[in-house]
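Dropping start25.csv in here (CSV, C-alpha atoms and all ligand atoms):
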chain,number,residue,atom,x,y,z
P,15,MET,CA,147.6,193.7,124.6
P,16,ASN,CA,147.7,196.5,127.1
P,17,ALA,CA,146.6,196.7,130.7
P,18,ASP,CA,143.2,198.1,129.7
P,19,THR,CA,142.3,195.0,127.7
P,20,PRO,CA,139.2,193.4,129.4
P,21,ARG,CA,139.9,190.4,131.5
P,22,PHE,CA,137.7,188.1,129.3
P,23,LEU,CA,139.9,188.9,126.3
P,24,ARG,CA,143.1,188.6,128.4
P,25,ALA,CA,142.1,185.2,129.6
P,26,CYS,CA,141.4,184.0,126.0
P,27,ARG,CA,145.0,184.8,125.3
P,28,ARG,CA,146.3,183.2,128.6
P,29,GLU,CA,147.4,186.6,129.9
P,30,PRO,CA,147.3,187.3,133.7
P,31,VAL,CA,144.0,188.8,134.9
P,32,ASP,CA,142.9,190.6,138.1
P,33,ARG,CA,140.2,188.0,138.7
P,34,THR,CA,138.8,185.1,136.7
P,35,PRO,CA,136.3,186.3,134.1
P,36,VAL,CA,132.8,184.7,134.1
P,37,TRP,CA,129.9,184.6,131.6
P,38,ILE,CA,127.1,182.1,131.2
P,39,MET,CA,126.1,180.1,128.1
P,40,ARG,CA,122.5,181.1,127.3
P,41,GLN,CA,122.8,184.0,129.8
P,42,ALA,CA,119.9,185.7,128.0
P,43,GLY,CA,117.0,183.3,128.3
P,44,ARG,CA,114.0,181.9,130.1
P,45,TYR,CA,115.3,181.9,133.6
P,46,LEU,CA,115.0,185.7,133.5
P,47,PRO,CA,111.4,187.0,134.1
P,48,GLU,CA,112.2,190.0,131.9
P,49,TYR,CA,113.1,187.7,129.1
P,50,ARG,CA,109.8,185.7,129.6
P,51,GLU,CA,108.0,189.0,129.5
P,52,ILE,CA,109.3,189.8,126.0
P,53,ARG,CA,108.7,186.2,124.9
P,54,ARG,CA,105.0,186.7,125.7
P,55,GLU,CA,104.7,189.2,122.9
P,56,HIS,CA,107.3,187.8,120.4
P,57,THR,CA,108.6,184.4,119.1
P,58,LEU,CA,112.2,183.5,119.5
P,59,LEU,CA,112.8,184.1,115.8
P,60,GLU,CA,111.0,187.5,115.9
P,61,ILE,CA,113.4,188.5,118.6
P,62,CYS,CA,116.4,187.2,116.6
P,63,HIS,CA,115.3,189.2,113.5
P,64,THR,CA,114.5,192.5,115.3
P,65,PRO,CA,117.8,194.2,116.3
P,66,GLU,CA,116.2,196.4,119.0
P,67,LEU,CA,114.7,193.3,120.7
P,68,ALA,CA,117.7,191.1,120.3
P,69,CYS,CA,119.9,193.9,121.7
P,70,GLU,CA,117.6,194.4,124.6
P,71,VAL,CA,117.5,190.7,125.5
P,72,ALA,CA,121.3,190.4,125.3
P,73,LEU,CA,121.5,193.3,127.8
P,74,GLN,CA,119.2,191.9,130.3
P,75,PRO,CA,121.6,189.6,132.1
P,76,LEU,CA,124.3,192.3,132.1
P,77,ARG,CA,121.9,194.6,134.1
P,78,ARG,CA,121.5,192.0,136.8
P,79,PHE,CA,124.9,190.3,137.1
P,80,ASP,CA,128.5,191.5,137.0
P,81,LEU,CA,129.3,189.4,133.9
P,82,ASP,CA,132.6,189.8,132.0
P,83,ALA,CA,131.2,189.3,128.5
P,84,ALA,CA,128.0,189.6,126.5
P,85,ILE,CA,127.0,187.2,123.9
P,86,LEU,CA,125.1,188.0,120.7
P,87,PHE,CA,121.4,187.0,121.0
P,88,SER,CA,120.5,184.7,118.1
P,89,ASP,CA,120.1,181.0,117.6
P,90,LEU,CA,122.3,178.3,116.2
P,91,LEU,CA,119.9,177.8,113.2
P,92,VAL,CA,119.4,181.4,112.3
P,93,PRO,CA,122.3,181.6,109.7
P,94,ALA,CA,120.8,178.5,107.9
P,95,ALA,CA,118.3,180.8,106.4
P,96,ALA,CA,121.1,182.1,104.1
P,97,LEU,CA,121.3,178.5,102.7
P,98,GLY,CA,117.6,178.6,102.0
P,99,VAL,CA,116.7,176.3,104.9
P,100,ASP,CA,113.1,176.7,106.1
P,101,PHE,CA,112.8,176.1,109.8
P,102,ASP,CA,111.0,177.1,113.0
P,103,ILE,CA,112.0,177.1,116.6
P,104,VAL,CA,109.4,175.4,118.8
P,105,GLU,CA,109.1,175.9,122.5
P,106,ASN,CA,110.6,173.0,124.5
P,107,ARG,CA,111.6,171.2,121.4
P,108,GLY,CA,114.1,173.4,119.6
P,109,PRO,CA,114.6,173.8,115.9
P,110,VAL,CA,112.3,172.0,113.5
P,111,VAL,CA,113.5,171.9,109.9
P,112,LYS,CA,110.6,171.8,107.4
P,113,ARG,CA,112.4,169.6,104.8
P,114,PRO,CA,115.2,167.6,106.4
P,115,VAL,CA,118.3,167.3,104.2
P,116,ARG,CA,118.9,163.6,103.7
P,117,ASP,CA,120.2,163.1,100.2
P,118,GLN,CA,122.3,164.5,97.4
P,119,ALA,CA,119.5,166.6,96.0
P,120,GLY,CA,118.8,168.1,99.4
P,121,VAL,CA,122.4,169.1,99.9
P,122,ALA,CA,122.8,170.4,96.3
P,123,ALA,CA,119.8,172.7,96.9
P,124,LEU,CA,121.7,174.5,99.7
P,125,THR,CA,123.2,177.5,98.0
P,126,LEU,CA,124.7,180.4,99.9
P,127,SER,CA,123.1,183.7,99.3
P,128,SER,CA,125.9,186.0,98.0
P,129,ASP,CA,125.5,188.9,100.5
P,130,LEU,CA,123.9,187.1,103.5
P,131,LYS,CA,121.1,189.7,103.3
P,132,GLU,CA,118.8,187.3,105.3
P,133,LEU,CA,121.1,187.9,108.2
P,134,ASP,CA,121.3,191.7,108.2
P,135,ALA,CA,119.4,191.9,111.4
P,136,VAL,CA,122.1,189.9,113.2
P,137,PHE,CA,124.8,192.2,112.1
P,138,GLU,CA,122.7,195.3,113.1
P,139,THR,CA,122.2,193.7,116.5
P,140,VAL,CA,126.0,193.4,116.8
P,141,ARG,CA,126.4,197.1,116.0
P,142,LEU,CA,123.7,198.1,118.5
P,143,LEU,CA,125.2,196.0,121.2
P,144,ARG,CA,128.7,197.3,120.7
P,145,ARG,CA,127.4,200.8,121.3
P,146,ALA,CA,125.5,199.8,124.4
P,147,ILE,CA,128.0,197.8,126.4
P,148,ALA,CA,131.4,198.1,128.0
P,149,VAL,CA,132.3,194.4,128.3
P,150,PRO,CA,133.5,192.4,125.2
P,151,LEU,CA,130.9,191.1,122.8
P,152,ILE,CA,131.1,187.4,121.9
P,153,GLY,CA,129.7,186.4,118.5
P,154,PHE,CA,128.9,182.8,117.7
P,155,ALA,CA,128.2,180.1,115.1
P,156,GLY,CA,127.4,176.5,115.2
P,157,ALA,CA,130.1,174.0,114.1
P,158,PRO,CA,129.3,172.4,110.8
P,159,PHE,CA,128.6,169.0,112.4
P,160,THR,CA,126.2,170.3,115.1
P,161,VAL,CA,124.2,172.5,112.7
P,162,GLY,CA,124.3,169.7,110.1
P,163,SER,CA,122.9,167.3,112.6
P,164,TYR,CA,119.7,169.5,112.9
P,165,LEU,CA,119.4,169.8,109.1
P,166,VAL,CA,119.6,166.0,108.6
P,167,GLU,CA,117.5,165.0,111.6
P,168,GLY,CA,115.0,167.8,111.1
P,169,GLY,CA,115.3,168.7,114.8
P,170,ALA,CA,116.7,167.7,118.1
P,171,SER,CA,117.6,164.0,118.4
P,172,ARG,CA,118.6,161.5,120.9
P,173,ASP,CA,120.6,159.0,118.8
P,174,PHE,CA,121.3,161.1,115.7
P,175,ARG,CA,120.2,158.1,113.6
P,176,GLU,CA,119.6,159.9,110.3
P,177,CYS,CA,122.7,161.9,110.6
P,178,ARG,CA,124.9,158.9,111.2
P,179,LEU,CA,123.3,156.9,108.5
P,180,LEU,CA,123.9,159.6,106.0
P,181,MET,CA,127.5,159.8,107.2
P,182,TYR,CA,128.1,156.1,106.8
P,183,ARG,CA,126.0,155.4,103.7
P,184,GLU,CA,126.8,158.5,101.7
P,185,PRO,CA,130.0,160.0,103.2
P,186,GLY,CA,130.6,162.1,100.1
P,187,VAL,CA,127.1,163.7,100.4
P,188,PHE,CA,127.6,164.3,104.1
P,189,ASP,CA,131.0,165.9,103.5
P,190,ASP,CA,129.5,168.1,100.8
P,191,LEU,CA,127.0,169.3,103.5
P,192,MET,CA,129.8,169.9,106.0
P,193,GLU,CA,131.7,172.0,103.5
P,194,ARG,CA,128.6,174.1,102.6
P,195,LEU,CA,128.0,174.7,106.2
P,196,ALA,CA,131.7,175.7,106.8
P,197,ASP,CA,131.4,178.2,103.9
P,198,LEU,CA,128.3,179.7,105.5
P,199,MET,CA,129.8,179.9,109.0
P,200,CYS,CA,133.1,181.5,107.7
P,201,ALA,CA,131.1,184.2,105.8
P,202,PHE,CA,128.8,184.6,108.8
P,203,ILE,CA,131.6,185.1,111.2
P,204,GLU,CA,133.5,187.5,108.9
P,205,ARG,CA,130.4,189.7,108.9
P,206,GLN,CA,129.9,189.5,112.6
P,207,ALA,CA,133.5,190.6,113.1
P,208,ALA,CA,133.1,193.4,110.6
P,209,ALA,CA,130.1,194.5,112.7
P,210,GLY,CA,132.2,194.5,115.9
P,211,VAL,CA,132.2,191.1,117.8
P,212,GLN,CA,135.4,190.8,119.8
P,213,ALA,CA,135.6,187.0,120.1
P,214,VAL,CA,133.7,184.1,118.6
P,215,GLN,CA,132.4,180.9,120.2
P,216,ILE,CA,131.9,177.9,117.9
P,217,PHE,CA,129.2,175.6,119.3
P,218,ASP,CA,130.3,172.0,118.5
P,219,SER,CA,127.7,171.0,121.0
P,220,TRP,CA,126.9,167.5,119.7
P,221,ALA,CA,130.4,166.5,118.5
P,222,GLY,CA,130.5,164.2,121.5
P,223,ILE,CA,128.3,161.6,119.8
P,224,LEU,CA,131.0,160.9,117.3
P,225,SER,CA,133.8,158.5,117.7
P,226,PRO,CA,137.3,160.1,117.3
P,227,ALA,CA,137.7,158.4,113.9
P,228,GLU,CA,134.4,159.9,112.6
P,229,TYR,CA,135.2,163.3,114.1
P,230,ARG,CA,138.5,163.2,112.2
P,231,ARG,CA,136.9,161.9,109.0
P,232,HIS,CA,133.8,164.2,108.8
P,233,ALA,CA,134.0,167.1,111.3
P,234,LEU,CA,137.5,168.1,111.9
P,235,ARG,CA,138.4,169.7,108.5
P,236,PRO,CA,135.3,171.9,108.2
P,237,THR,CA,135.5,173.0,111.8
P,238,ARG,CA,139.2,173.8,111.4
P,239,ARG,CA,138.4,175.9,108.4
P,240,VAL,CA,135.9,177.9,110.5
P,241,LEU,CA,138.4,178.4,113.3
P,242,GLU,CA,141.2,179.4,110.9
P,243,THR,CA,138.9,182.1,109.5
P,244,VAL,CA,138.4,183.4,113.1
P,245,LYS,CA,142.2,183.5,113.4
P,246,THR,CA,142.6,185.6,110.3
P,247,LEU,CA,140.2,188.1,111.8
P,248,GLY,CA,142.5,188.6,114.7
P,249,ILE,CA,140.0,187.8,117.4
P,250,PRO,CA,140.0,184.8,119.8
P,251,SER,CA,137.9,181.7,119.3
P,252,ILE,CA,136.3,179.4,121.9
P,253,HIS,CA,135.6,175.9,120.7
P,254,PHE,CA,132.9,174.4,122.8
P,255,GLY,CA,131.4,170.9,122.9
P,256,THR,CA,129.7,168.5,125.3
P,257,GLY,CA,130.8,164.9,126.0
P,258,THR,CA,134.1,165.6,124.3
P,259,ALA,CA,136.5,163.9,126.7
P,260,GLY,CA,137.6,161.5,123.9
P,261,LEU,CA,137.9,164.2,121.3
P,262,LEU,CA,140.0,166.9,123.0
P,263,ASP,CA,143.1,166.2,121.0
P,264,LEU,CA,141.2,166.5,117.8
P,265,MET,CA,139.5,169.7,119.0
P,266,ALA,CA,142.9,171.1,119.9
P,267,GLU,CA,144.0,170.2,116.3
P,268,ALA,CA,141.0,172.1,115.1
P,269,GLY,CA,142.8,175.2,116.4
P,270,GLY,CA,140.6,177.2,118.7
P,271,ASP,CA,142.3,179.5,121.3
P,272,VAL,CA,140.0,178.3,124.1
P,273,LEU,CA,138.7,174.8,124.7
P,274,GLY,CA,135.2,174.8,126.2
P,275,VAL,CA,134.3,171.7,128.1
P,276,ASP,CA,131.4,170.3,130.1
P,277,TRP,CA,131.4,169.1,133.7
P,278,ARG,CA,132.4,165.6,132.9
P,279,VAL,CA,135.9,166.6,132.1
P,280,ARG,CA,138.6,167.6,134.6
P,281,LEU,CA,139.9,171.1,133.8
P,282,GLY,CA,143.3,170.2,135.4
P,283,ILE,CA,143.8,167.4,132.9
P,284,VAL,CA,142.8,169.5,130.0
P,285,ARG,CA,145.3,172.1,131.1
P,286,GLN,CA,148.1,169.6,131.4
P,287,ALA,CA,147.4,168.0,128.1
P,288,PHE,CA,147.0,171.3,126.2
P,289,PRO,CA,149.1,173.9,127.9
P,290,GLU,CA,149.0,176.2,124.9
P,291,ARG,CA,145.1,176.6,125.1
P,292,ALA,CA,143.0,178.6,127.5
P,293,ILE,CA,140.0,176.7,129.0
P,294,GLN,CA,136.4,177.6,129.6
P,295,GLY,CA,134.0,175.8,131.9
P,296,ASN,CA,132.7,173.8,133.5
P,297,LEU,CA,130.2,174.0,136.4
P,298,ASP,CA,127.2,171.6,136.0
P,299,PRO,CA,124.3,173.9,135.2
P,300,MET,CA,122.2,171.9,137.7
P,301,ALA,CA,124.5,173.1,140.5
P,302,LEU,CA,122.7,176.5,140.3
P,303,LEU,CA,119.6,174.7,141.6
P,304,ALA,CA,121.5,173.1,144.5
P,305,PRO,CA,121.5,174.4,148.1
P,306,PRO,CA,123.9,177.4,148.5
P,307,GLU,CA,126.5,175.4,150.4
P,308,MET,CA,126.6,172.7,147.8
P,309,LEU,CA,126.7,175.3,145.0
P,310,ASP,CA,129.7,177.1,146.7
P,311,ARG,CA,131.5,173.8,147.1
P,312,MET,CA,131.0,172.9,143.4
P,313,ILE,CA,132.2,176.4,142.3
P,314,ASP,CA,135.3,176.1,144.4
P,315,GLU,CA,136.0,172.7,143.0
P,316,VAL,CA,135.9,174.1,139.4
P,317,LEU,CA,138.3,176.9,140.4
P,318,ALA,CA,140.6,174.5,142.2
P,319,ASP,CA,140.6,172.2,139.2
P,320,ALA,CA,141.4,175.1,136.8
P,321,GLY,CA,144.3,176.0,139.0
P,322,PRO,CA,146.1,179.3,139.3
P,323,SER,CA,147.8,179.7,135.9
P,324,PRO,CA,146.3,182.3,133.5
P,325,GLY,CA,143.8,181.3,130.9
P,326,HIS,CA,140.6,180.1,132.7
P,327,ILE,CA,137.2,181.5,131.7
P,328,PHE,CA,134.6,180.5,134.2
P,329,ASN,CA,131.3,179.3,132.7
P,330,LEU,CA,128.8,176.5,133.0
P,331,GLY,CA,129.4,173.2,131.3
P,332,HIS,CA,126.4,173.8,129.1
P,333,GLY,CA,123.5,176.3,128.8
P,334,ILE,CA,121.8,177.6,131.9
P,335,LEU,CA,118.5,175.8,132.7
P,336,PRO,CA,115.2,177.7,132.4
P,337,ASP,CA,114.2,177.0,136.0
P,338,THR,CA,117.5,178.3,137.5
P,339,PRO,CA,116.9,180.7,140.4
P,340,ILE,CA,118.3,184.2,140.0
P,341,ASP,CA,119.9,184.0,143.4
P,342,GLY,CA,122.1,181.1,142.4
P,343,VAL,CA,123.4,183.1,139.5
P,344,HIS,CA,124.2,186.1,141.7
P,345,ARG,CA,126.0,183.8,144.1
P,346,MET,CA,128.1,182.1,141.4
P,347,VAL,CA,129.2,185.3,139.7
P,348,ARG,CA,130.1,186.9,143.1
P,349,ARG,CA,131.9,183.9,144.4
P,350,VAL,CA,134.0,183.4,141.3
P,351,HIS,CA,135.2,187.0,141.4
P,352,GLU,CA,135.8,187.0,145.2
P,353,ARG,CA,137.6,183.7,145.3
P,354,THR,CA,140.0,184.6,142.4
P,355,GLN,CA,140.6,188.3,143.2
P,356,ALA,CA,143.2,187.7,145.9
P,357,ALA,CA,145.3,185.2,143.9
P,358,PRO,CA,148.2,187.4,142.7
P,359,SER,CA,149.4,185.1,140.0
P,360,ARG,CA,146.2,184.9,138.0
P,401,LIG,O1,123.9,182.3,125.1
P,401,LIG,C1,123.0,183.2,124.8
P,401,LIG,O2,122.5,183.9,125.7
P,401,LIG,C2,122.8,183.5,123.4
P,401,LIG,C3,121.6,183.0,122.8
P,401,LIG,C4,121.6,181.6,122.2
P,401,LIG,C5,120.3,180.9,122.0
P,401,LIG,N1,120.6,179.7,121.4
P,401,LIG,C6,119.0,181.5,122.3
P,401,LIG,C7,117.9,180.5,122.5
P,401,LIG,C8,122.6,180.7,121.8
P,401,LIG,C9,124.1,180.8,121.9
P,401,LIG,C10,122.0,179.5,121.3
P,401,LIG,C11,122.7,178.4,120.6
P,401,LIG,C12,122.0,177.2,120.4
P,401,LIG,N2,120.7,177.0,119.9
P,401,LIG,C13,122.6,175.9,120.5
P,401,LIG,C14,124.0,175.6,120.9
P,401,LIG,C15,124.2,175.8,122.4
P,401,LIG,C16,124.0,174.5,123.1
P,401,LIG,O3,123.0,174.4,123.8
P,401,LIG,O4,124.9,173.7,123.0
P,401,LIG,C17,121.6,174.9,120.2
P,401,LIG,C18,121.8,173.4,120.2
P,401,LIG,C19,120.5,175.6,119.7
P,401,LIG,C20,119.2,175.0,119.2
P,401,LIG,C21,118.1,175.3,120.2
P,401,LIG,N3,117.5,176.5,120.2
P,401,LIG,C22,117.6,174.5,121.2
P,401,LIG,C23,118.0,173.1,121.5
P,401,LIG,C24,116.6,175.3,121.9
P,401,LIG,C25,115.8,174.9,123.1
P,401,LIG,C26,114.4,174.5,122.9
P,401,LIG,C27,113.6,174.7,124.2
P,401,LIG,O5,112.6,175.3,124.1
P,401,LIG,O6,114.1,174.2,125.2
P,401,LIG,C28,116.6,176.5,121.3
P,401,LIG,C29,115.7,177.7,121.7
P,401,LIG,C30,116.5,178.8,122.3
P,401,LIG,N4,117.5,179.4,121.7
P,401,LIG,C31,116.1,179.5,123.4
P,401,LIG,C32,117.0,180.6,123.6
P,401,LIG,C33,117.1,181.6,124.7
P,401,LIG,C34,114.9,179.0,124.3
P,401,LIG,C35,114.0,180.1,124.8
P,401,LIG,C36,112.9,180.5,123.9
P,401,LIG,O7,112.2,179.7,123.3
P,401,LIG,O8,112.7,181.7,123.9

So that I can check it, write out the structure of this file as structure tokens.
Ligand code: CP3
Amino acid sequence: MNADTPRFLRACRREPVDRTPVWIMRQAGRYLPEYREIRREHTLLEICHTPELACEVALQPLRRFDLDAAILFSDLLVPAAALGVDFDIVENRGPVVKRPVRDQAGVAALTLSSDLKELDAVFETVRLLRRAIAVPLIGFAGAPFTVGSYLVEGGASRDFRECRLLMYREPGVFDDLMERLADLMCAFIERQAAAGVQAVQIFDSWAGILSPAEYRRHALRPTRRVLETVKTLGIPSIHFGTGTAGLLDLMAEAGGDVLGVDWRVRLGIVRQAFPERAIQGNLDPMALLAPPEMLDRMIDEVLADAGPSPGHIFNLGHGILPDTPIDGVHRMVRRVHERTQAAPSR
């Protein structure tokens, strides 16, 4: 990679950078008044399926903050339409699946559309965004387990009861679901890359509810298949999850270039344990609602914990909260850049 490579992509490859790159999970979203304005007129799914709107919304945070990457605006469940899943996204609740997938017949009914035509708007959004921005564009997909958990539960869940029961009572059916989702995500990512995304984040957000043994049995293989597909495309992958302290060795085995962790994990320990990976994270999103001095302190702690060696992408440990003050975001982006600029070895 030459010297003109953007710092976000350099950090993914653990190459030295002039300052630590920063982007924010859910950086396009409800904490922005201009996003709320568009949402008054359109549902979330309307935005996702209208390339001009999705592109506009993805650009909003870049206009305000000096971010080092953009992320495609879509939702985790959007690609499930290409498996014939009927769902809605309900304010303050998240995805609601009309007919939850809870048995063999339900899984067998999930057949992948051959050309992903249901997702054309997503790929058009990628093309529009690439023309509109100078920073790298991150595409994304849900990991099979995390998307599968929504399909089985029918929506967000606290204890993932139905999902775990299906896994324990009918492991073969559950694995069939995982493999179908892996097929979908591989095809989805290939098409995103063809349209121009320069990196991919795999949201394994709810992997942390699994024991390491269950992760190995039911989640590792399909997730590794998705990450291997990203590798063949020649772009870096970020493998993100929450509550994953006990799963990091398995996530490393899954093969992503960057391990994304939440604030309950020490970056220094991740670095030591997995020196061949870059890391992403991990400020508590709630820190952005703290008084400025406390926010500064928490940012500095993340930077200190990440240490000076190359391969750190600064981010929150999970998505930004809807009531986050804009000033806090400005302060964070500025501070990360200022604090890391001087360090010559980064
Ligand atoms: O990061 C970005 O800016 C890109 C956009 C993006 C959205 N969803 C838009 C969105 C991304 C990357 C996602 C991923 C996503 N969606 C995940 C994985 C990330 C994570 O949090 O771990 C999950 C679990 C979902 C499912 C989902 N969609 C939930 C739980 C919710 C929240 C429900 C609520 O109202 O609080 C959504 C809705 C959603 N997706 C919003 C946005 C901006 C909320 C705002 C709205 O309704 O307009």

Residues of chain P at most 8 Å from ligand LIG 401 (chain P): nearest atom pair and distance in Å, all atoms listed in the file, as CSV:
residue,atom,partner,partner_atom,distance
P:Ile38,CA,P:LIG401,O1,6.9
P:Met39,CA,P:LIG401,O1,4.3
P:Arg40,CA,P:LIG401,O1,2.9
P:Gln41,CA,P:LIG401,O2,4.1
P:Ala42,CA,P:LIG401,O2,3.9
P:Gly43,CA,P:LIG401,C33,4.0
P:Arg44,CA,P:LIG401,C35,5.6
P:Tyr49,CA,P:LIG401,O8,7.9
P:Arg50,CA,P:LIG401,O8,7.5
P:Arg53,CA,P:LIG401,O8,6.1
P:Thr57,CA,P:LIG401,O8,6.9
P:Leu58,CA,P:LIG401,O8,4.8
P:Ala72,CA,P:LIG401,O2,6.6
P:Ala84,CA,P:LIG401,O2,8.0
P:Ile85,CA,P:LIG401,C2,5.6
P:Leu86,CA,P:LIG401,C2,5.7
P:Phe87,CA,P:LIG401,C3,4.4
P:Ser88,CA,P:LIG401,C3,5.1
P:Asp89,CA,P:LIG401,N1,4.0
P:Leu90,CA,P:LIG401,N2,4.2
P:Leu91,CA,P:LIG401,C20,6.7
P:Ile103,CA,P:LIG401,C29,6.3
P:Val104,CA,P:LIG401,O5,6.2
P:Glu105,CA,P:LIG401,O5,3.9
P:Asn106,CA,P:LIG401,O5,3.1
P:Arg107,CA,P:LIG401,C26,4.6
P:Gly108,CA,P:LIG401,C26,3.5
P:Pro109,CA,P:LIG401,C21,5.7
P:Phe154,CA,P:LIG401,C9,6.7
P:Ala155,CA,P:LIG401,C11,8.0
P:Gly156,CA,P:LIG401,C14,6.7
P:Thr160,CA,P:LIG401,C18,7.4
P:Val161,CA,P:LIG401,C18,7.9
P:Ala170,CA,P:LIG401,C23,6.5
P:Phe217,CA,P:LIG401,C14,5.4
P:Asp218,CA,P:LIG401,O4,7.2
P:Ser219,CA,P:LIG401,O4,4.4
P:Trp220,CA,P:LIG401,O4,7.3
P:Gly255,CA,P:LIG401,O4,7.1
P:Thr256,CA,P:LIG401,O4,7.4
P:His332,CA,P:LIG401,O4,6.3
P:Gly333,CA,P:LIG401,O3,5.4

*Record the distance separating CA of Gln294 (chain P) and CA of Gly274 (chain P), expressed in Å with one decimal.*
4.6 Å

*Grab the CA of His326 (chain P) to CA of Pro20 (chain P) distance for me, in Å with one decimal place.*
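Interatomic distance here is 13.8 Å.
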
*asked:* One decimal, in Å: what's the spacing between CA of Gly210 (chain P) and CA of Gly248 (chain P)?
replied: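 If I compute the distance from CA of Gly210 (chain P) to CA of Gly248 (chain P), I get 11.9 Å.
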
*Using only C-alpha atoms, pick whichever of P:Ala196, P:Leu130, P:Ile327, P:Leu273 has the shortest atom-to-atom distance to Arg21 (chain P).*
P:Ile327

Taking the structure in the block just given, could you write region 273-325 of chain P with C-alpha atoms, as a PDB file, in the first residue's frame?
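To be explicit, this is the file written out as result.pdb:
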ATOM      1  CA  LEU P 273     -11.153  -7.331  16.028  1.00  0.00           C
ATOM      2  CA  GLY P 274     -13.886  -4.916  17.143  1.00  0.00           C
ATOM      3  CA  VAL P 275     -14.613  -4.995  20.881  1.00  0.00           C
ATOM      4  CA  ASP P 276     -16.795  -3.170  23.372  1.00  0.00           C
ATOM      5  CA  TRP P 277     -15.709  -1.206  26.473  1.00  0.00           C
ATOM      6  CA  ARG P 278     -15.691  -4.249  28.752  1.00  0.00           C
ATOM      7  CA  VAL P 279     -12.494  -5.517  27.148  1.00  0.00           C
ATOM      8  CA  ARG P 280      -8.994  -4.111  27.601  1.00  0.00           C
ATOM      9  CA  LEU P 281      -7.489  -3.240  24.255  1.00  0.00           C
ATOM     10  CA  GLY P 282      -3.980  -3.811  25.600  1.00  0.00           C
ATOM     11  CA  ILE P 283      -4.805  -7.399  26.408  1.00  0.00           C
ATOM     12  CA  VAL P 284      -6.391  -7.995  22.996  1.00  0.00           C
ATOM     13  CA  ARG P 285      -3.251  -6.613  21.377  1.00  0.00           C
ATOM     14  CA  GLN P 286      -0.982  -8.825  23.392  1.00  0.00           C
ATOM     15  CA  ALA P 287      -3.048 -11.924  22.772  1.00  0.00           C
ATOM     16  CA  PHE P 288      -3.582 -11.301  19.047  1.00  0.00           C
ATOM     17  CA  PRO P 289      -0.596  -9.307  17.790  1.00  0.00           C
ATOM     18  CA  GLU P 290      -1.394 -10.194  14.183  1.00  0.00           C
ATOM     19  CA  ARG P 291      -4.794  -8.411  14.314  1.00  0.00           C
ATOM     20  CA  ALA P 292      -5.665  -4.746  14.232  1.00  0.00           C
ATOM     21  CA  ILE P 293      -8.162  -3.611  16.876  1.00  0.00           C
ATOM     22  CA  GLN P 294     -11.206  -1.351  16.803  1.00  0.00           C
ATOM     23  CA  GLY P 295     -12.905   0.308  19.753  1.00  0.00           C
ATOM     24  CA  ASN P 296     -13.854   0.815  22.404  1.00  0.00           C
ATOM     25  CA  LEU P 297     -15.166   3.930  24.176  1.00  0.00           C
ATOM     26  CA  ASP P 298     -18.387   3.407  26.134  1.00  0.00           C
ATOM     27  CA  PRO P 299     -21.057   5.229  24.027  1.00  0.00           C
ATOM     28  CA  MET P 300     -22.405   6.679  27.271  1.00  0.00           C
ATOM     29  CA  ALA P 301     -19.102   8.560  27.729  1.00  0.00           C
ATOM     30  CA  LEU P 302     -20.295  11.004  25.054  1.00  0.00           C
ATOM     31  CA  LEU P 303     -23.033  12.082  27.479  1.00  0.00           C
ATOM     32  CA  ALA P 304     -20.549  12.647  30.347  1.00  0.00           C
ATOM     33  CA  PRO P 305     -19.112  16.030  31.388  1.00  0.00           C
ATOM     34  CA  PRO P 306     -16.277  17.119  29.051  1.00  0.00           C
ATOM     35  CA  GLU P 307     -13.462  16.441  31.533  1.00  0.00           C
ATOM     36  CA  MET P 308     -14.716  12.919  32.132  1.00  0.00           C
ATOM     37  CA  LEU P 309     -15.142  12.324  28.401  1.00  0.00           C
ATOM     38  CA  ASP P 310     -11.555  13.484  27.794  1.00  0.00           C
ATOM     39  CA  ARG P 311     -10.267  11.188  30.470  1.00  0.00           C
ATOM     40  CA  MET P 312     -12.119   8.185  29.080  1.00  0.00           C
ATOM     41  CA  ILE P 313     -10.901   8.904  25.534  1.00  0.00           C
ATOM     42  CA  ASP P 314      -7.330   9.149  26.796  1.00  0.00           C
ATOM     43  CA  GLU P 315      -7.701   5.856  28.613  1.00  0.00           C
ATOM     44  CA  VAL P 316      -8.785   4.115  25.405  1.00  0.00           C
ATOM     45  CA  LEU P 317      -5.822   5.592  23.544  1.00  0.00           C
ATOM     46  CA  ALA P 318      -3.396   4.616  26.304  1.00  0.00           C
ATOM     47  CA  ASP P 319      -4.813   1.133  26.438  1.00  0.00           C
ATOM     48  CA  ALA P 320      -4.490   0.741  22.653  1.00  0.00           C
ATOM     49  CA  GLY P 321      -0.842   1.754  22.928  1.00  0.00           C
ATOM     50  CA  PRO P 322       1.472   3.215  20.310  1.00  0.00           C
ATOM     51  CA  SER P 323       1.867   0.329  17.869  1.00  0.00           C
ATOM     52  CA  PRO P 324       0.081   0.554  14.505  1.00  0.00           C
ATOM     53  CA  GLY P 325      -3.323  -1.015  13.990  1.00  0.00           C
TER      54      GLY P 325
END
